[in-house]
$ cat coords-v8.tsv   # TSV, C-alpha atoms
chain	number	residue	atom	x	y	z
A	14	MET	CA	64.68	40.17	28.16
A	15	ASN	CA	67.48	38.17	29.74
A	16	GLU	CA	70.39	38.02	27.28
A	17	LYS	CA	71.51	34.64	28.62
A	18	PHE	CA	69.87	31.56	27.07
A	19	GLN	CA	67.69	29.81	29.67
A	20	ILE	CA	66.28	26.29	30.01
A	21	ARG	CA	63.06	25.90	32.00
A	22	LEU	CA	61.13	22.76	32.95
A	23	LEU	CA	57.39	23.23	32.61
A	24	ARG	CA	55.42	23.03	35.86
A	25	LYS	CA	53.61	19.84	34.85
A	26	SER	CA	56.94	18.18	34.11
A	27	ILE	CA	58.36	19.15	37.49
A	28	GLU	CA	55.31	17.51	39.05
A	29	LYS	CA	55.99	14.33	37.05
A	30	ILE	CA	59.67	13.91	37.85
A	31	GLY	CA	59.55	15.57	41.26
A	32	PHE	CA	62.15	18.02	42.44
A	33	ASN	CA	64.94	15.68	41.41
A	34	ALA	CA	68.00	17.88	40.93
A	35	ASP	CA	69.93	15.08	39.22
A	36	TYR	CA	67.16	14.50	36.65
A	37	ALA	CA	66.83	18.22	36.03
A	38	ASP	CA	70.58	18.59	35.52
A	39	ARG	CA	70.69	15.66	33.10
A	40	ILE	CA	67.74	17.07	31.16
A	41	ASN	CA	69.52	20.43	30.89
A	42	GLN	CA	72.61	18.64	29.56
A	43	ILE	CA	70.52	16.84	26.92
A	44	VAL	CA	68.87	20.08	25.79
A	45	ASN	CA	72.24	21.82	25.51
A	46	LYS	CA	73.63	18.90	23.52
A	47	VAL	CA	70.71	18.83	21.10
A	48	LEU	CA	70.94	22.57	20.57
A	49	SER	CA	74.69	22.60	20.06
A	50	GLU	CA	74.22	22.73	16.29
A	51	TYR	CA	72.00	25.77	16.60
A	52	THR	CA	73.12	29.32	17.11
A	53	LYS	CA	71.79	29.87	20.60
A	54	GLU	CA	71.83	33.59	20.06
A	55	LYS	CA	68.66	33.00	18.01
A	56	PHE	CA	66.72	31.95	21.12
A	57	PHE	CA	66.23	33.40	24.58
A	58	ARG	CA	64.66	30.37	26.26
A	59	ALA	CA	63.79	26.71	25.91
A	60	ASP	CA	60.83	25.26	27.79
A	61	VAL	CA	60.94	21.50	28.29
A	62	LYS	CA	58.07	19.04	28.74
A	63	VAL	CA	58.98	15.58	30.08
A	64	ALA	CA	57.12	12.36	29.29
A	65	ASN	CA	57.69	9.34	31.53
A	66	ASN	CA	57.71	5.64	30.62
A	67	LYS	CA	55.98	2.83	32.52
A	68	LYS	CA	58.90	2.71	34.96
A	69	ASN	CA	58.23	6.38	35.73
A	70	MET	CA	61.54	7.37	34.17
A	71	PRO	CA	61.85	10.29	31.72
A	72	SER	CA	61.55	8.80	28.21
A	73	SER	CA	61.12	11.81	25.94
A	74	LEU	CA	61.56	15.56	26.02
A	75	THR	CA	59.55	18.06	24.03
A	76	ILE	CA	61.64	21.21	23.60
A	77	TYR	CA	59.91	24.52	22.89
A	78	LEU	CA	62.29	27.17	21.52
A	79	PHE	CA	61.49	30.89	21.55
A	80	HIS	CA	63.14	33.20	19.04
A	81	ARG	CA	64.59	36.49	20.22
A	82	THR	CA	63.55	38.72	17.31
A	83	THR	CA	60.25	37.17	16.22
A	84	TYR	CA	57.34	35.44	17.92
A	85	LEU	CA	58.17	32.11	16.26
A	86	LEU	CA	57.88	28.91	18.29
A	87	GLU	CA	59.94	25.86	17.29
A	88	VAL	CA	59.10	22.41	18.69
A	89	HIS	CA	61.59	19.52	18.77
A	90	ARG	CA	61.35	16.10	20.42
A	91	VAL	CA	64.14	14.01	21.94
A	92	THR	CA	63.80	10.34	22.90
A	93	ILE	CA	66.06	9.10	25.70
A	94	ASN	CA	66.70	5.80	27.48
A	95	ASP	CA	66.80	5.11	31.22
A	96	ASP	CA	70.46	6.16	31.29
A	97	PHE	CA	69.53	9.58	29.86
A	98	GLU	CA	71.23	8.76	26.57
A	99	ILE	CA	69.76	10.27	23.40
A	100	THR	CA	68.24	7.62	21.11
A	101	ASN	CA	66.43	9.86	18.62
A	102	VAL	CA	65.90	13.52	17.78
A	103	GLU	CA	62.99	14.86	15.71
A	104	TYR	CA	63.06	18.48	14.60
A	105	ASN	CA	60.04	20.72	13.96
A	106	VAL	CA	57.41	18.27	15.19
A	107	SER	CA	53.74	18.59	16.04
A	108	ASP	CA	53.02	18.80	19.75
A	109	ASP	CA	50.56	15.95	19.43
A	110	ASP	CA	49.95	15.34	23.13
A	111	SER	CA	49.69	18.93	24.30
A	112	ASP	CA	45.93	18.85	24.73
A	113	LYS	CA	45.74	15.36	26.23
A	114	ASP	CA	46.17	16.64	29.77
A	115	GLU	CA	43.18	15.76	31.90
A	116	ASP	CA	40.81	18.58	31.02
A	117	GLU	CA	38.10	16.84	33.03
A	118	GLN	CA	40.11	17.66	36.13
A	119	PHE	CA	40.05	21.37	35.38
A	120	ASN	CA	37.62	23.23	37.61
A	121	TYR	CA	36.32	25.70	35.06
A	122	ASP	CA	33.55	26.79	37.44
A	123	SER	CA	36.14	28.21	39.83
A	124	ILE	CA	36.71	31.18	37.54
A	125	LYS	CA	33.62	31.09	35.33
A	126	ASN	CA	31.67	33.57	37.43
A	127	ASP	CA	34.46	36.11	37.18
A	128	ALA	CA	34.86	35.40	33.47
A	129	LEU	CA	31.21	36.15	32.80
A	130	LYS	CA	31.70	39.68	34.13
A	131	LEU	CA	34.48	40.41	31.64
A	132	ASP	CA	34.42	41.95	28.18
A	133	PHE	CA	38.12	41.63	27.34
A	134	VAL	CA	41.07	39.49	28.34
A	135	VAL	CA	44.62	40.25	27.21
A	136	GLY	CA	47.63	38.17	28.15
A	137	THR	CA	51.19	37.08	27.58
A	138	ALA	CA	53.17	34.13	28.90
A	139	PHE	CA	56.35	36.12	28.20
A	140	PRO	CA	56.41	39.14	30.53
A	141	GLU	CA	60.23	39.06	30.36
A	142	VAL	CA	59.82	40.34	26.79
A	143	GLU	CA	59.39	43.97	27.81
A	144	VAL	CA	57.38	45.06	24.78
A	145	ALA	CA	54.96	42.13	25.24
A	146	LYS	CA	54.31	43.04	28.88
A	147	GLU	CA	53.98	46.73	28.02
A	148	THR	CA	51.48	45.95	25.26
A	149	VAL	CA	49.32	43.82	27.55
A	150	GLU	CA	49.24	46.59	30.15
A	151	TYR	CA	48.56	49.24	27.50
A	152	LEU	CA	45.65	47.34	25.96
A	153	ASN	CA	44.14	46.45	29.33
A	154	ASN	CA	44.11	50.14	30.24
A	155	LEU	CA	42.70	51.04	26.82
A	156	PHE	CA	39.80	48.62	27.20
A	157	ILE	CA	39.04	49.87	30.73
A	158	ASN	CA	39.22	53.51	29.62
A	159	CYS	CA	36.74	52.68	26.84
A	160	GLY	CA	34.28	51.51	29.49
A	161	TYR	CA	34.81	47.75	29.29
A	162	ASN	CA	35.60	45.23	32.00
A	163	SER	CA	39.04	43.90	31.20
A	164	LEU	CA	41.60	41.53	32.73
A	165	ALA	CA	45.35	41.25	32.11
A	166	LEU	CA	47.07	37.86	32.43
A	167	LEU	CA	50.86	37.90	32.86
A	168	GLY	CA	53.30	35.02	33.24
A	169	GLU	CA	51.84	32.18	35.32
A	170	GLU	CA	48.36	33.66	34.91
A	171	ALA	CA	48.63	33.05	31.16
A	172	SER	CA	47.93	29.34	31.60
A	173	THR	CA	46.05	26.87	29.43
A	174	LEU	CA	43.30	26.60	32.06
A	175	ASN	CA	42.75	30.36	32.20
A	176	TYR	CA	42.82	30.77	28.43
A	177	LYS	CA	40.36	27.92	27.85
A	178	THR	CA	38.01	29.27	30.49
A	179	TYR	CA	38.00	32.89	29.42
A	180	LEU	CA	37.85	32.12	25.69
A	181	THR	CA	34.61	30.18	26.16
A	182	ASN	CA	32.74	32.70	28.30
A	183	GLY	CA	31.29	35.18	25.87
A	184	LEU	CA	34.06	37.77	25.72
A	185	LYS	CA	33.90	40.64	23.26
A	186	GLY	CA	37.64	40.46	22.65
A	187	PHE	CA	40.70	38.36	23.49
A	188	VAL	CA	44.34	39.27	22.79
A	189	ASN	CA	47.46	37.14	23.21
A	190	ILE	CA	51.01	38.44	22.75
A	191	GLY	CA	53.59	35.69	22.44
A	192	HIS	CA	55.20	32.86	20.52
A	193	GLY	CA	53.29	30.54	18.24
A	194	ASN	CA	53.22	28.62	14.99
A	195	THR	CA	50.68	27.17	12.56
A	196	GLU	CA	49.41	24.73	15.20
A	197	GLY	CA	49.01	26.86	18.31
A	198	ILE	CA	50.33	29.36	20.81
A	199	MET	CA	52.68	28.79	23.72
A	200	LEU	CA	51.40	29.52	27.21
A	201	GLU	CA	53.02	29.36	30.63
A	202	ASP	CA	52.39	25.65	31.11
A	203	GLY	CA	52.34	24.34	27.53
A	204	MET	CA	50.78	24.80	24.11
A	205	LEU	CA	47.18	25.64	23.34
A	206	THR	CA	46.75	23.97	19.96
A	207	TYR	CA	44.24	23.72	17.15
A	208	LYS	CA	43.10	20.37	18.58
A	209	TRP	CA	41.48	22.09	21.54
A	210	PHE	CA	39.71	24.56	19.26
A	211	GLU	CA	38.52	21.62	17.12
A	212	SER	CA	37.12	20.01	20.27
A	213	ILE	CA	34.83	23.00	20.95
A	214	LYS	CA	33.35	23.43	17.48
A	215	GLY	CA	30.21	25.50	17.38
A	216	ASN	CA	29.73	28.92	18.92
A	217	GLN	CA	31.83	28.53	22.05
A	218	LEU	CA	34.15	31.42	21.18
A	219	ALA	CA	31.32	33.76	20.15
A	220	PRO	CA	31.20	36.67	19.92
A	221	ALA	CA	34.90	37.29	20.51
A	222	VAL	CA	37.24	39.17	18.23
A	223	ILE	CA	40.42	37.15	18.81
A	224	TYR	CA	43.84	38.66	18.08
A	225	PHE	CA	46.91	36.41	18.39
A	226	ASN	CA	50.02	38.53	17.98
A	227	SER	CA	52.07	35.43	17.13
A	228	CYS	CA	53.97	33.98	14.19
A	229	GLN	CA	52.20	31.92	11.50
A	230	VAL	CA	48.95	31.44	13.47
A	231	PHE	CA	46.83	32.70	10.56
A	232	ASN	CA	47.41	29.46	8.65
A	233	TYR	CA	46.11	25.90	8.50
A	234	PRO	CA	45.20	24.27	10.83
A	235	LEU	CA	44.94	26.87	13.62
A	236	GLN	CA	43.12	29.64	11.79
A	237	GLY	CA	40.31	27.41	10.54
A	238	SER	CA	39.84	25.68	13.89
A	239	ILE	CA	39.41	29.04	15.65
A	240	MET	CA	36.80	30.21	13.16
A	241	ASP	CA	34.97	26.85	13.33
A	242	ALA	CA	34.81	27.24	17.12
A	243	GLY	CA	32.69	30.35	16.69
A	244	ALA	CA	35.05	33.33	16.75
A	245	ARG	CA	33.44	36.42	15.31
A	246	THR	CA	36.79	37.57	13.92
A	247	PHE	CA	40.30	36.17	14.03
A	248	ILE	CA	43.45	38.23	13.48
A	249	GLY	CA	46.98	36.82	13.53
A	250	GLY	CA	50.37	36.57	11.92
A	251	ILE	CA	50.53	35.02	8.46
A	252	VAL	CA	54.32	34.98	8.53
A	253	ASN	CA	56.89	35.43	11.31
A	254	LEU	CA	55.99	38.60	13.21
A	255	GLN	CA	58.79	40.85	14.42
A	256	ILE	CA	58.95	41.59	18.13
A	257	GLY	CA	58.51	45.35	18.43
A	258	PRO	CA	56.75	46.41	15.21
A	259	SER	CA	53.99	43.79	15.51
A	260	GLU	CA	52.87	45.07	18.92
A	261	LYS	CA	52.61	48.57	17.46
A	262	VAL	CA	50.19	47.22	14.85
A	263	CYS	CA	48.17	45.46	17.55
A	264	LYS	CA	47.86	48.59	19.71
A	265	CYS	CA	47.05	50.70	16.66
A	266	PHE	CA	44.33	48.24	15.59
A	267	TRP	CA	42.46	48.37	18.87
A	268	ASN	CA	42.69	52.16	19.01
A	269	LYS	CA	41.29	52.50	15.52
A	270	ILE	CA	38.35	50.16	16.03
A	271	LEU	CA	37.41	51.25	19.56
A	272	ILE	CA	38.13	54.99	19.51
A	273	GLU	CA	37.99	55.95	15.84
A	274	LYS	CA	35.25	53.37	15.10
A	275	ASN	CA	36.95	52.23	11.89
A	276	ARG	CA	36.31	48.94	10.13
A	277	MET	CA	38.44	46.07	11.37
A	278	ASP	CA	39.86	45.09	7.97
A	279	GLU	CA	40.79	48.68	7.15
A	280	SER	CA	42.37	49.08	10.57
A	281	VAL	CA	44.64	46.05	10.11
A	282	ARG	CA	45.85	47.25	6.71
A	283	ASN	CA	46.29	50.89	7.76
A	284	CYS	CA	48.11	49.97	10.97
A	285	GLU	CA	50.47	47.74	8.99
A	286	LYS	CA	51.23	50.64	6.66
A	287	GLU	CA	51.94	52.89	9.63
A	288	HIS	CA	53.97	50.52	11.80
A	289	TYR	CA	55.12	47.34	10.02
A	290	PRO	CA	57.86	46.98	7.39
A	291	ASP	CA	56.13	44.25	5.34
A	292	PRO	CA	52.53	44.56	4.09
A	293	ASN	CA	50.03	41.71	4.37
A	294	SER	CA	51.92	40.02	7.23
A	295	ILE	CA	48.81	39.98	9.42
A	296	GLY	CA	45.58	38.26	8.36
A	297	ILE	CA	41.96	38.86	9.29
A	298	SER	CA	39.02	36.51	8.84
A	299	GLY	CA	35.34	36.48	9.76
A	300	ASP	CA	33.42	39.72	10.38
A	301	LYS	CA	35.62	42.54	9.06
A	302	GLY	CA	33.26	45.43	9.74
A	303	THR	CA	33.06	47.79	12.71
A	304	PHE	CA	33.58	46.41	16.20

$ encode --input "coords-v8.tsv" --output "structure tokens"
Amino acid sequence: MNEKFQIRLLRKSIEKIGFNADYADRINQIVNKVLSEYTKEKFFRADVKVANNKKNMPSSLTIYLFHRTTYLLEVHRVTINDDFEITNVEYNVSDDDSDKDEDEQFNYDSIKNDALKLDFVVGTAFPEVEVAKETVEYLNNLFINCGYNSLALLGEEASTLNYKTYLTNGLKGFVNIGHGNTEGIMLEDGMLTYKWFESIKGNQLAPAVIYFNSCQVFNYPLQGSIMDAGARTFIGGIVNLQIGPSEKVCKCFWNKILIEKNRMDESVRNCEKEHYPDPNSIGISGDKGTF
């Protein structure tokens, strides 16, 4: 992981404001100003989403902050005027408009055929976090060695379009390693929130065992929305999950259920005992029996 704190404009925001170096520089200055009261050593990167007003000028910034030691995602919103002056700052907000992007424009069919051939998908939008990338590669190889068709998604491949498509195509299992909170997980181009899962209620996620190695995702409203969308089983962080030990639990879990054929609930608890400093940090809901 890069030790220097970085600020990154999301792809969709770059498309909105164009490759305007002056705008980008001013946005960076605003983010640095807002974060001046924080200890930047806590974070390794800020992703920024820009909303434009009717004059096609940046009017608000949604700032996604990624902790260095845990997979916690913080979301703050800054309102600015046409002169790029800060008019309001809201801390720890909901990313209300994350799932309002034009889903009808997504060409799901372009990758559906490939998705239908898969049993597992495992991804991370944070390949610069070495242990996240290593875990994705490890699990992808594990699934393949167990005789399943598996796909690894790294960096730009870990997009909202890809996740939505693969999650709704009958996978046996889906794993994400990365930052999140009670409302969703952060992907390469924005958040995937509980609102999307609410929009696909029914059996659209069936029969997947879904494991989000992310902070606080096993809480209201995300956990319930995933189960209501048809997941067979959902596993995720109840509290803030430490980067390093949490991936060990995740790898241990999949080994125990696929190779040792243990029950899923017993595997979560036993892997926590073996690899994680705090018990009951990872929750499991739905079918808790053998895979």

$ atom_distance --input "coords-v8.tsv" --atom1 "atom CA of A:Asp95" --atom2 "atom CA of A:Met204"
26.4 Å

$ closest_atom_pairs --input "coords-v8.tsv" --of "stretch 151-218 of chain A" --to "stretch 86-92 of chain A" --cutoff "7 Å" --atoms "all atoms listed in the file" --output "JSON lines"
{"residue": "A:His192", "atom": "CA", "partner": "A:Leu86", "partner_atom": "CA", "distance": 5.3}
{"residue": "A:Gly193", "atom": "CA", "partner": "A:Leu86", "partner_atom": "CA", "distance": 4.9}
{"residue": "A:Asn194", "atom": "CA", "partner": "A:Leu86", "partner_atom": "CA", "distance": 5.7}

$ closest_residue --input "coords-v8.tsv" --among "A:Glu196, A:Lys130, A:Leu48, A:Val144" --to "A:Tyr104" --atoms "all atoms listed in the file"
A:Leu48

$ atom_distance --input "coords-v8.tsv" --atom1 "atom CA of A:Leu22" --atom2 "atom CA of A:Leu205"
17.2 Å

$ residues_near_point --input "coords-v8.tsv" --point "(49.2, 40.0, 16.8)" --cutoff "6 Å" --atoms "all atoms listed in the file" --output "ChimeraX atom specification"
/A:224-227,249,263

$ write_last_selection --input "coords-v8.tsv" --atoms "C-alpha atoms" --output "PDB file, in the coordinates of the input"
ATOM      1  CA  TYR A 224      43.840  38.660  18.080  1.00  0.00           C
ATOM      2  CA  PHE A 225      46.910  36.410  18.390  1.00  0.00           C
ATOM      3  CA  ASN A 226      50.020  38.530  17.980  1.00  0.00           C
ATOM      4  CA  SER A 227      52.070  35.430  17.130  1.00  0.00           C
ATOM      5  CA  GLY A 249      46.980  36.820  13.530  1.00  0.00           C
ATOM      6  CA  CYS A 263      48.170  45.460  17.550  1.00  0.00           C
TER       7      CYS A 263
END

$ closest_atom_pairs --input "coords-v8.tsv" --of "stretch 182-250 of chain A" --to "stretch 57-68 of chain A" --cutoff "10 Å" --atoms "all atoms listed in the file" --output "CSV"
residue,atom,partner,partner_atom,distance
A:Met199,CA,A:Asp60,CA,9.8
A:Glu201,CA,A:Asp60,CA,9.3
A:Asp202,CA,A:Lys62,CA,9.0
A:Gly203,CA,A:Lys62,CA,7.9
